[in-house]
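I have placed the structure first, in the form of structure tokens, so that the comments after it can refer back to it.
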Amino acid sequence: MIFRLDERLLFPDPDLAEPDGLLAVGGDLSVNRLLLAYQNGIFPWYSDDTPILWYSPHERFVLYPAELRVSKSMNQVLRSNRFRVTVDQCFDRVIAACSAVLREGQDGTWITDDMKVAYQQLHQKGYAHSVEVWQQDDLVGGLYGVQIADVFCGESMFSMVSNASKVALIHLCTGGKYRLIDCQVHTAHLESMGARMISREEYMQVVKGEL
């Protein structure tokens, strides 16, 4: 059953989500609603031609930093000092770059103008963060997402040159700040770096500090 949200600040039980994870439609992208969503394992994912759609997948594709796998070739890239990494230095540029990336199997972007504004507001409140990867003075890669306790809910990443987004993810994993990276969408290259599926129950235990 798909629930329709109104102005009240609440969500249905995530266990009631459809098989594809779709839980609810409507509502808004206010800071308080977004925080409530992420605290309950829910996130928005929609396009300009649909209302706001809220998902809570029954399985989550995640990366435990302790399980990160870095290839020999990637270690060579890291040792080469080819890239410089910063955090929260240009959030707006990172989200704009993520929205401009052409992705296989997708027409347009799900990072709508309203989504940009909403996550910029989260960033201003200290809940959304970006990692930037630089080659000399050029921004060549990065990622952004939402922090809930010691879980980082990754929203999107981009790479203008080979390996730049991997450098951003490795920096996120090795900083000692997060117990879990929520990758949301399965990709082969994230799986090769150690990401795997876990149940919603396990995911929520980590989010709530019970595991």
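In the structure tokens, each chain is lettered A, B, ... as it comes, each chain's residues begin at 1, and ligands are numbered from 1 in order of appearance.
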
With stretch 144-148 of chain A as the partner and 12 Å as the cut-off, tabulate the residues of stretch 21-68 of chain A that qualify, each row holding the nearest pair of atoms and their distance in Å to one decimal, using only C-alpha atoms, sorted by chain and rising number, as a tab-separated table.
residue	atom	partner	partner_atom	distance
A:Val31	CA	A:Val146	CA	11.3
A:Leu34	CA	A:Val146	CA	9.5
A:Leu35	CA	A:Ile148	CA	8.0
A:Leu36	CA	A:Ile148	CA	10.0
A:Ala37	CA	A:Ile148	CA	10.4
A:Tyr38	CA	A:Ile148	CA	7.1
A:Gln39	CA	A:Ile148	CA	6.6
A:Asn40	CA	A:Ile148	CA	10.0
A:Gly41	CA	A:Ile148	CA	10.0
A:Ile42	CA	A:Ile148	CA	11.8
A:Phe43	CA	A:Val146	CA	10.2

Keeping N, CA and C atoms for every residue in the selection just given, could you write it to a file as an mmCIF file, in the first residue's frame?
data_model
loop_
_atom_site.group_PDB
_atom_site.id
_atom_site.type_symbol
_atom_site.label_atom_id
_atom_site.label_comp_id
_atom_site.auth_asym_id
_atom_site.auth_seq_id
_atom_site.Cartn_x
_atom_site.Cartn_y
_atom_site.Cartn_z
ATOM 1 N N VAL A 31 13.515 20.645 5.999
ATOM 2 C CA VAL A 31 14.614 20.056 6.770
ATOM 3 C C VAL A 31 14.093 19.046 7.770
ATOM 4 N N LEU A 34 12.876 15.791 6.036
ATOM 5 C CA LEU A 34 13.992 15.006 5.520
ATOM 6 C C LEU A 34 14.742 14.313 6.654
ATOM 7 N N LEU A 35 14.978 15.009 7.743
ATOM 8 C CA LEU A 35 15.672 14.381 8.873
ATOM 9 C C LEU A 35 14.860 13.233 9.452
ATOM 10 N N LEU A 36 13.543 13.423 9.590
ATOM 11 C CA LEU A 36 12.686 12.352 10.086
ATOM 12 C C LEU A 36 12.748 11.153 9.145
ATOM 13 N N ALA A 37 12.760 11.416 7.837
ATOM 14 C CA ALA A 37 12.837 10.328 6.864
ATOM 15 C C ALA A 37 14.121 9.528 7.043
ATOM 16 N N TYR A 38 15.255 10.205 7.020
ATOM 17 C CA TYR A 38 16.531 9.493 7.111
ATOM 18 C C TYR A 38 16.686 8.765 8.442
ATOM 19 N N GLN A 39 16.167 9.335 9.505
ATOM 20 C CA GLN A 39 16.237 8.666 10.806
ATOM 21 C C GLN A 39 15.440 7.370 10.829
ATOM 22 N N ASN A 40 14.523 7.220 9.873
ATOM 23 C CA ASN A 40 13.688 6.008 9.803
ATOM 24 C C ASN A 40 13.964 5.177 8.556
ATOM 25 N N GLY A 41 15.109 5.401 7.932
ATOM 26 C CA GLY A 41 15.493 4.594 6.780
ATOM 27 C C GLY A 41 14.718 4.894 5.519
ATOM 28 N N ILE A 42 14.262 6.131 5.370
ATOM 29 C CA ILE A 42 13.437 6.550 4.234
ATOM 30 C C ILE A 42 14.166 7.669 3.500
ATOM 31 N N PHE A 43 14.056 7.703 2.182
ATOM 32 C CA PHE A 43 14.675 8.790 1.425
ATOM 33 C C PHE A 43 13.808 9.136 0.210
#

Exercise: stretch 177-189 of chain A partners within 6 Å, only C-alpha atoms, chain neighbours under 3 positions left out, as a ChimeraX atom specification = /A:61-64,150-154,192

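When only C-alpha atoms are used to compute distances to A:Trp45, the closest of the residues A:Met1, A:Cys90, A:Met115, A:Cys98 turns out to be A:Met115.
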
Those in stretch 7-202 of chain A with strand (DSSP E or B) from DSSP, as a ChimeraX atom specification = /A:22-26,43-44,53-55,59-63,84-87,128-135,138-148,151-159,180-182,196-199

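Between atom CA of A:Glu59 and atom CA of A:Glu201 lies a distance of 8.6 Å.
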